[in-house]
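Student: To start, I am sharing the structure in question, which I have written as structure tokens.
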Amino acid sequence: MDTDVAPRLGRWQQAWRLTAAGALGALLWLSTAVVLPRGCATGTCSWFVTGDPLVALGCLTVLVWRRRFPLAVALTVVVAAATSTLATGAALLALCSVSTRRRPVEIGLVAAAYVAGAQFAAGIYPTRIPPASLWLQLALPALSAGVASALGVAIGARRVEVRFLRDRAESAEREQNARAAQARALERNRIAREMHDVLAHRISLVALQAGVLDHRTDLTAEDHRVLVRGIADGSHQALEELRDVLGVLRADPGLPEPPQPSLDGIPELVAGARASGLSVTLTTTVTGEPSDAVGRTCYRVVQEGLTNAAKHAPGSDVHIALGGTAGGELHVSVRNSAATGATAPQPPSSGFGLLGLAERVGLAGGRLDHHPTPDHGYVLAARLPWPVQHP
């Protein structure tokens with residue numbers, strides 16, 4: 001696409017330009033009429049009164065298409081203006097218009113045609129002023145052509161600059177919209193991940209306890225009371241955690257977020273799973289305290305492992321192993337045996353729990369592994385980098 005193509009003019013913009021060109025030509029035409037002798041030749045005066053204005057009118061009409069055919073219109077007008085004093089303004093407008101394209105060859109060709117035509121026009125009418133020297137006859141048309149060309153080049157440069165600024169503004173707006181769309185997508189993913197981490201665990205334990213109540217008929221009154229109390233407590237905790245997540249989403253972005261679970265919250269997580277009926281053991285050989293990001297990721301791994309064990313392997317034994325030290329890696333594994341309990345109706349699942357967890361572990365610079373075991377169980381393990389924190 002040609003970057004020098006000018007936009008189309010409106011009717012008013014077109015009209016005032018042609019009117020200005022006609023006014024300039026009329027001024028020169030009247031100046032020529034003043035210096036014509038009173039008893040000029042009949043043919044000359046007849047052309048001055050009829051032919052000269054008709055040629056000028058034709059030139060002004062042709063100028064309407066100067067932006068569609070710039071070079072052809074400009075050459076036609078400047079050549080025709082050699083026989084019409086009244087068309088001089090139209091010729092200068094044509095030269096100015098073609099100069100906005102900022103192409104030296106075109107400008108030079110039209111300007112040369114204009115200066116040459118001016119020399120021919122000087123001898124059409126027998127004026128009473130003695131003929132000027134040759135250099136003056138060349139200097140005046142060349143000066144007017146130079147002014148028109150310079151004005152056209154300046155207009156063209158300004159037009160390109162405005163177009164560049166407009167394109168840059170539109171590009172910046174598109175980039176801003178793209179960044180906003182990306183930010184919204186990332187925020188939706190973050191909300192979905194947090195909702196899964198917070199609710200899936202609690203709801204899975206509640207579903208496990210409800211399933212036990214539904215399928216076990218040999219429960220004592222005390223066992224029944226413990227399970228019902230566990231369902232009530234789990235539901236209450238799920239609502240509290242959901243309220244916390246929604247509170248973070250609605251809070252002022254400038255306010256600090258509430259503390260997130262970390263490595264020290266795993267014993268409480270295990271205790272809640274035991275209270276819900278899972279058989280869980282925890283072994284830890286961790287020495288030191290990792291960063292909040294590493295500890296939070298480790299917590300989410302354990303939480304996802306317990307959630308999946310409660311949903312897919314009811315009645316299984318779950319073993320959680322933690323180990324690591326600063327300067328090395330933090331190892332976490334959640335291994336469950338084969339399911340031994342009755343299969344209970346499972347709550348709806350998004351199917352993206354492990355995918356979201358893999359993304360979380362990857363962002364922390366770690367590696368996630370999960371696969372079935374030979375005894376028909378399942379293991380979920382992660383290795384997280386634990387750099388030394390310097391004071």
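To be explicit about the labels: the chains of the structure tokens are called A, B, and onward in the order shown, and within each one the residues are counted from 1, while ligands get numbers from 1 in the order they are shown.
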Using only C-alpha atoms, which protein or nucleic acid residues come within 7 Å of segment 91-100 of chain A? Drop anything in the same chain fewer than 6 positions from it, and give the result as JSON, numbers by chain.

Tutor: {"A": [21, 63, 70, 71, 74, 77, 78, 81, 107, 110, 111, 145, 148, 149, 151, 152, 153, 155, 156]}

Student: Would you return as number ranges by chain the members of segment 258-387 of chain A that DSSP assigns to helix (DSSP H, G or I) on this structure's backbone?

Tutor: A: 263-275, 292-312, 353-363

Student: Neighbouring residues of segment 370-378 of chain A were defined as those with any atom within 6 Å, considering only C-alpha atoms; residues of the same chain fewer than 3 positions away were excluded. Please report them as a list in words.

Tutor: Arg335, Asn336, Ser337 and Ala338 of chain A

Student: So which residues of segment 263-362 of chain A fall under strand (DSSP E) by DSSP, listed as a PyMOL selection string?

Tutor: chain A and resi 279-287+317-325+329-336

Student: Using only C-alpha atoms, which of A:Ser31, A:Arg168, A:Tyr299, A:Ala90 sits nearest Glu268 of chain A?

Tutor: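 Residue with the minimum atom-to-atom distance to Glu268 of chain A: A:Tyr299.
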
Student: Find, counting only C-alpha atoms, the residue in A:Ala80, A:Ala142, A:Leu242, A:Val280 that gets nearest to Gly58 of chain A.

Tutor: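 Among the listed residues, the smallest separation from Gly58 of chain A belongs to A:Ala80.
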
Student: For atom CA of Glu329 of chain A and atom CA of Gln303 of chain A, determine how far apart the two atoms are, in Å to one decimal place.

Tutor: 19.5 Å
